[in-house]
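Listing of upload-v5.pdb, PDB, C-alpha atoms and all ligand atoms
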ATOM      1  CA  MET S   1      80.738  66.957  89.815  1.00  0.00           C
ATOM      2  CA  LYS S   2      78.033  69.572  90.024  1.00  0.00           C
ATOM      3  CA  SER S   3      74.387  68.657  89.753  1.00  0.00           C
ATOM      4  CA  LEU S   4      72.190  70.026  86.979  1.00  0.00           C
ATOM      5  CA  ALA S   5      70.488  72.309  89.481  1.00  0.00           C
ATOM      6  CA  GLU S   6      73.847  73.696  90.591  1.00  0.00           C
ATOM      7  CA  LEU S   7      74.910  74.251  86.992  1.00  0.00           C
ATOM      8  CA  ASP S   8      71.614  76.020  86.252  1.00  0.00           C
ATOM      9  CA  LYS S   9      72.115  78.246  89.243  1.00  0.00           C
ATOM     10  CA  LEU S  10      75.669  79.012  88.141  1.00  0.00           C
ATOM     11  CA  ARG S  11      74.495  79.836  84.635  1.00  0.00           C
ATOM     12  CA  GLU S  12      71.861  82.200  86.038  1.00  0.00           C
ATOM     13  CA  GLU S  13      74.485  83.892  88.190  1.00  0.00           C
ATOM     14  CA  ILE S  14      76.804  84.377  85.221  1.00  0.00           C
ATOM     15  CA  GLN S  15      73.987  85.767  83.075  1.00  0.00           C
ATOM     16  CA  ARG S  16      72.967  88.088  85.866  1.00  0.00           C
ATOM     17  CA  GLU S  17      76.560  89.284  86.278  1.00  0.00           C
ATOM     18  CA  MET S  18      76.918  89.898  82.550  1.00  0.00           C
ATOM     19  CA  ALA S  19      73.651  91.851  82.465  1.00  0.00           C
ATOM     20  CA  LEU S  20      74.834  93.890  85.410  1.00  0.00           C
ATOM     21  CA  ARG S  21      78.166  94.643  83.775  1.00  0.00           C
ATOM     22  CA  GLU S  22      76.386  95.850  80.676  1.00  0.00           C
ATOM     23  CA  LYS S  23      74.037  98.031  82.670  1.00  0.00           C
ATOM     24  CA  LYS S  24      76.777  99.142  85.078  1.00  0.00           C
ATOM     25  CA  GLU S  25      74.280  99.439  87.871  1.00  0.00           C
ATOM     26  CA  GLY S  26      72.980  97.274  90.627  1.00  0.00           C
ATOM     27  CA  ILE S  27      74.675  95.877  93.685  1.00  0.00           C
ATOM     28  CA  LYS S  28      77.692  93.634  93.935  1.00  0.00           C
ATOM     29  CA  VAL S  29      78.102  91.438  96.993  1.00  0.00           C
ATOM     30  CA  VAL S  30      81.547  89.969  97.572  1.00  0.00           C
ATOM     31  CA  VAL S  31      82.324  87.286 100.144  1.00  0.00           C
ATOM     32  CA  SER S  32      85.936  86.693 101.182  1.00  0.00           C
ATOM     33  CA  MET S  33      86.628  83.001 100.745  1.00  0.00           C
ATOM     34  CA  GLY S  34      90.254  82.851 101.855  1.00  0.00           C
ATOM     35  CA  THR S  35      91.368  80.154 104.285  1.00  0.00           C
ATOM     36  CA  CYS S  36      90.394  82.154 107.324  1.00  0.00           C
ATOM     37  CA  GLY S  37      87.045  83.125 105.818  1.00  0.00           C
ATOM     38  CA  ILE S  38      86.152  79.533 105.111  1.00  0.00           C
ATOM     39  CA  ALA S  39      87.326  78.474 108.563  1.00  0.00           C
ATOM     40  CA  ALA S  40      85.098  81.159 110.103  1.00  0.00           C
ATOM     41  CA  GLY S  41      82.010  80.038 108.194  1.00  0.00           C
ATOM     42  CA  ALA S  42      82.079  81.951 104.890  1.00  0.00           C
ATOM     43  CA  ARG S  43      80.687  78.939 103.013  1.00  0.00           C
ATOM     44  CA  ASP S  44      77.499  78.990 105.077  1.00  0.00           C
ATOM     45  CA  VAL S  45      77.293  82.763 104.650  1.00  0.00           C
ATOM     46  CA  ILE S  46      77.622  82.662 100.853  1.00  0.00           C
ATOM     47  CA  ALA S  47      75.042  79.841 100.711  1.00  0.00           C
ATOM     48  CA  VAL S  48      72.549  81.912 102.730  1.00  0.00           C
ATOM     49  CA  LEU S  49      73.210  84.995 100.595  1.00  0.00           C
ATOM     50  CA  LEU S  50      72.623  83.009  97.415  1.00  0.00           C
ATOM     51  CA  GLU S  51      69.448  81.506  98.842  1.00  0.00           C
ATOM     52  CA  GLU S  52      68.064  84.882  99.979  1.00  0.00           C
ATOM     53  CA  ILE S  53      68.969  86.673  96.736  1.00  0.00           C
ATOM     54  CA  SER S  54      67.280  83.908  94.735  1.00  0.00           C
ATOM     55  CA  ARG S  55      64.275  83.643  97.031  1.00  0.00           C
ATOM     56  CA  ARG S  56      63.665  87.375  96.816  1.00  0.00           C
ATOM     57  CA  ASN S  57      64.419  87.339  93.088  1.00  0.00           C
ATOM     58  CA  LEU S  58      66.802  90.297  93.363  1.00  0.00           C
ATOM     59  CA  GLN S  59      67.652  90.825  89.702  1.00  0.00           C
ATOM     60  CA  ASP S  60      70.237  93.573  90.055  1.00  0.00           C
ATOM     61  CA  VAL S  61      72.396  91.857  92.655  1.00  0.00           C
ATOM     62  CA  VAL S  62      75.524  89.933  91.762  1.00  0.00           C
ATOM     63  CA  LEU S  63      77.034  87.611  94.334  1.00  0.00           C
ATOM     64  CA  THR S  64      80.671  86.781  93.917  1.00  0.00           C
ATOM     65  CA  GLN S  65      83.629  85.663  95.970  1.00  0.00           C
ATOM     66  CA  THR S  66      87.176  86.781  96.456  1.00  0.00           C
ATOM     67  CA  GLY S  67      90.237  85.500  98.248  1.00  0.00           C
ATOM     68  CA  CYS S  68      91.958  86.721 101.347  1.00  0.00           C
ATOM     69  CA  ALA S  69      91.021  90.247 102.356  1.00  0.00           C
ATOM     70  CA  GLY S  70      93.781  90.542 104.970  1.00  0.00           C
ATOM     71  CA  LEU S  71      91.302  90.872 107.820  1.00  0.00           C
ATOM     72  CA  CYS S  72      91.399  87.403 109.397  1.00  0.00           C
ATOM     73  CA  HIS S  73      90.065  88.589 112.715  1.00  0.00           C
ATOM     74  CA  CYS S  74      86.906  90.023 111.094  1.00  0.00           C
ATOM     75  CA  GLU S  75      85.930  86.996 109.015  1.00  0.00           C
ATOM     76  CA  PRO S  76      83.538  86.115 107.573  1.00  0.00           C
ATOM     77  CA  LEU S  77      83.571  89.352 105.570  1.00  0.00           C
ATOM     78  CA  VAL S  78      80.877  90.500 103.186  1.00  0.00           C
ATOM     79  CA  GLN S  79      81.392  93.578 101.054  1.00  0.00           C
ATOM     80  CA  VAL S  80      78.438  95.325  99.449  1.00  0.00           C
ATOM     81  CA  GLU S  81      79.230  97.623  96.547  1.00  0.00           C
ATOM     82  CA  GLY S  82      76.403  99.923  95.569  1.00  0.00           C
ATOM     83  CA  PRO S  83      75.471 101.155  92.097  1.00  0.00           C
ATOM     84  CA  GLY S  84      77.552 104.296  92.607  1.00  0.00           C
ATOM     85  CA  GLY S  85      80.623 102.278  93.569  1.00  0.00           C
ATOM     86  CA  GLU S  86      80.300 102.973  97.295  1.00  0.00           C
ATOM     87  CA  LYS S  87      81.532 100.054  99.367  1.00  0.00           C
ATOM     88  CA  VAL S  88      80.449  98.837 102.782  1.00  0.00           C
ATOM     89  CA  THR S  89      82.220  95.937 104.465  1.00  0.00           C
ATOM     90  CA  TYR S  90      80.485  93.817 107.075  1.00  0.00           C
ATOM     91  CA  GLY S  91      82.558  91.726 109.464  1.00  0.00           C
ATOM     92  CA  HIS S  92      81.822  88.702 111.650  1.00  0.00           C
ATOM     93  CA  VAL S  93      78.896  87.825 109.394  1.00  0.00           C
ATOM     94  CA  ASP S  94      76.973  84.691 110.277  1.00  0.00           C
ATOM     95  CA  GLU S  95      73.920  83.164 108.614  1.00  0.00           C
ATOM     96  CA  GLN S  96      71.456  85.317 110.556  1.00  0.00           C
ATOM     97  CA  LYS S  97      73.391  88.512 109.819  1.00  0.00           C
ATOM     98  CA  ALA S  98      73.624  87.530 106.154  1.00  0.00           C
ATOM     99  CA  ARG S  99      69.806  87.289 106.000  1.00  0.00           C
ATOM    100  CA  GLU S 100      69.444  90.673 107.668  1.00  0.00           C
ATOM    101  CA  ILE S 101      72.025  92.278 105.350  1.00  0.00           C
ATOM    102  CA  VAL S 102      69.969  91.116 102.370  1.00  0.00           C
ATOM    103  CA  ALA S 103      66.720  92.421 103.883  1.00  0.00           C
ATOM    104  CA  ALA S 104      68.074  95.737 105.160  1.00  0.00           C
ATOM    105  CA  HIS S 105      70.878  96.678 102.792  1.00  0.00           C
ATOM    106  CA  LEU S 106      70.161  94.946  99.500  1.00  0.00           C
ATOM    107  CA  VAL S 107      66.395  95.353  99.564  1.00  0.00           C
ATOM    108  CA  ASN S 108      65.950  98.604 101.498  1.00  0.00           C
ATOM    109  CA  GLY S 109      69.312 100.324 101.039  1.00  0.00           C
ATOM    110  CA  GLN S 110      69.843 100.561 104.799  1.00  0.00           C
ATOM    111  CA  VAL S 111      73.435 100.019 105.933  1.00  0.00           C
ATOM    112  CA  ILE S 112      73.646  98.168 109.254  1.00  0.00           C
ATOM    113  CA  LYS S 113      76.412 100.356 110.623  1.00  0.00           C
ATOM    114  CA  GLU S 114      77.072  98.420 113.809  1.00  0.00           C
ATOM    115  CA  TRP S 115      78.207  95.391 111.796  1.00  0.00           C
ATOM    116  CA  THR S 116      80.534  97.273 109.437  1.00  0.00           C
ATOM    117  CA  VAL S 117      84.311  97.283 109.642  1.00  0.00           C
ATOM    118  CA  LYS S 118      86.832  99.721 108.257  1.00  0.00           C
ATOM    119  CA  GLU S 119      89.556  98.585 105.889  1.00  0.00           C
ATOM    120  CA  GLU S 120      91.890  98.196 108.878  1.00  0.00           C
ATOM    121  CA  GLY S 121      89.384  95.841 110.445  1.00  0.00           C
ATOM    122  CA  GLU S 122      88.102  98.068 113.197  1.00  0.00           C
ATOM    123  CA  ARG S 123      84.421  98.302 113.827  1.00  0.00           C
ATOM    124  CA  VAL S 124      83.078 101.603 112.484  1.00  0.00           C
TER     125      VAL S 124
HETATM  126  S1  LIG H   1      93.994  84.056 105.416  1.00  0.00           S
HETATM  127 FE1  LIG H   1      93.153  85.409 106.820  1.00  0.00          FE
HETATM  128  S2  LIG H   1      93.530  87.392 106.145  1.00  0.00           S
HETATM  129 FE2  LIG H   1      94.291  86.008 104.661  1.00  0.00          FE
END

The structure in this file should be written as structure tokens.
Amino acid sequence: MKSLAELDKLREEIQREMALREKKEGIKVVVSMGTCGIAAGARDVIAVLLEEISRRNLQDVVLTQTGCAGLCHCEPLVQVEGPGGEKVTYGHVDEQKAREIVAAHLVNGQVIKEWTVKEEGERV
């Protein structure tokens, strides 16, 4: 069973997502939580992302999860979808990279190109 704090956090996330949908702007961050993602550390990554987004009070960022992305060898994967619908996928994300993605990409709009992967899973 979830704690009250966890439920509050969840409620805030849902409200934030609904506000974002209505505004149709902001940034969507999607973490692949398929079997391979979880095995590679996606749980720690999503926890760090949630912590950083909350700590920085990023109002227009929605954090969500998805299943298998078909790129086992690049897990953990984090996809950042910008307000214009442009998507950037980061591969081999660990806790440190997750923090830097929030600081560089979500806060400053700077893509960290050397950590991105193409749809086929190659490094860009
Ligand atoms: S379980 Fe790894 S790509 Fe689906």

Neighbouring residues of Ile53 in chain S were defined as those with any atom within 12 Å, considering all atoms listed in the file; residues of the same chain fewer than 6 positions away were excluded. Please report them as a count of residues only. 23

Around ligand LIG 1 (chain H), out to 7 Å and counting only C-alpha atoms and all ligand atoms, which residues are there? I want them as a list in words.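 Selection of residues at most 7 Å from ligand LIG 1 (chain H): Gly34, Thr35, Cys36, Gly37, Cys68, Ala69, Gly70, Leu71 and Cys72 of chain S.
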
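Of note, CA of Gly82 in chain S and CA of Ala40 in chain S are spaced 25.3 Å apart.
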
Of the listed residues S:Val78, S:Leu58, S:Val31, S:Val93, that which approaches Asn108 in chain S most closely, counting only C-alpha atoms: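 Looking only at the distances to Asn108 in chain S, the closest residue turns out to be S:Leu58.
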
Find the residue from S:Gln15, S:Ser32, S:Ser3, S:Asn57 that sits nearest to Val80 in chain S; use all atoms listed in the file when measuring.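 Closest to Val80 in chain S of all the choices is S:Ser32.
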
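One distance worth recording is that between CA of Val30 in chain S and CA of Thr66 in chain S, which is 6.6 Å.
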
For the file shown, report as a ChimeraX atom specification the outcome of the PyMOL selection byres (((chain S and resi 83) around 7) and not hetatm) at residue level. /S:25-27,81-82,84-85

Let me see the file: selected residues, C-alpha atoms, as an mmCIF file, keeping the file's coordinate frame.
data_model
loop_
_atom_site.group_PDB
_atom_site.id
_atom_site.type_symbol
_atom_site.label_atom_id
_atom_site.label_comp_id
_atom_site.auth_asym_id
_atom_site.auth_seq_id
_atom_site.Cartn_x
_atom_site.Cartn_y
_atom_site.Cartn_z
ATOM 1 C CA GLU S 25 74.280 99.439 87.871
ATOM 2 C CA GLY S 26 72.980 97.274 90.627
ATOM 3 C CA ILE S 27 74.675 95.877 93.685
ATOM 4 C CA GLU S 81 79.230 97.623 96.547
ATOM 5 C CA GLY S 82 76.403 99.923 95.569
ATOM 6 C CA GLY S 84 77.552 104.296 92.607
ATOM 7 C CA GLY S 85 80.623 102.278 93.569
#

I'd like to know which of S:Val111, S:Asp94, S:Ala5, S:His73 is closest to Arg43 in chain S, using all atoms listed in the file.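 Ranking S:Val111, S:Asp94, S:Ala5, S:His73 by distance to Arg43 in chain S, first place goes to S:Asp94.
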
State, in Å with one decimal place, the distance from CA of Asp8 in chain S to CA of Tyr90 in chain S.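 So the answer is 28.8 Å.
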
Smallest atom-to-atom distance to His92 in chain S: which of S:Gly41, S:Arg55, S:Leu50, S:Ile112, using all atoms listed in the file?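 Once distances to His92 in chain S are computed over all atoms listed in the file, the minimum belongs to S:Gly41.
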
Select, from S:Gln65, S:Leu7, S:Pro76, S:Arg56, the residue with the minimum atom-to-atom distance to Ala39 in chain S, counting only C-alpha atoms. S:Pro76

Can you tell me, as JSON, the centre and edge lengths (Å, one decimal) of the axis-aligned box enclosing all of range 49-67 of chain S's listed atoms after padding each side by 5 Å?
{"center_x": 77.0, "center_y": 87.5, "center_z": 95.1, "size_x": 36.6, "size_y": 22.1, "size_z": 20.9}
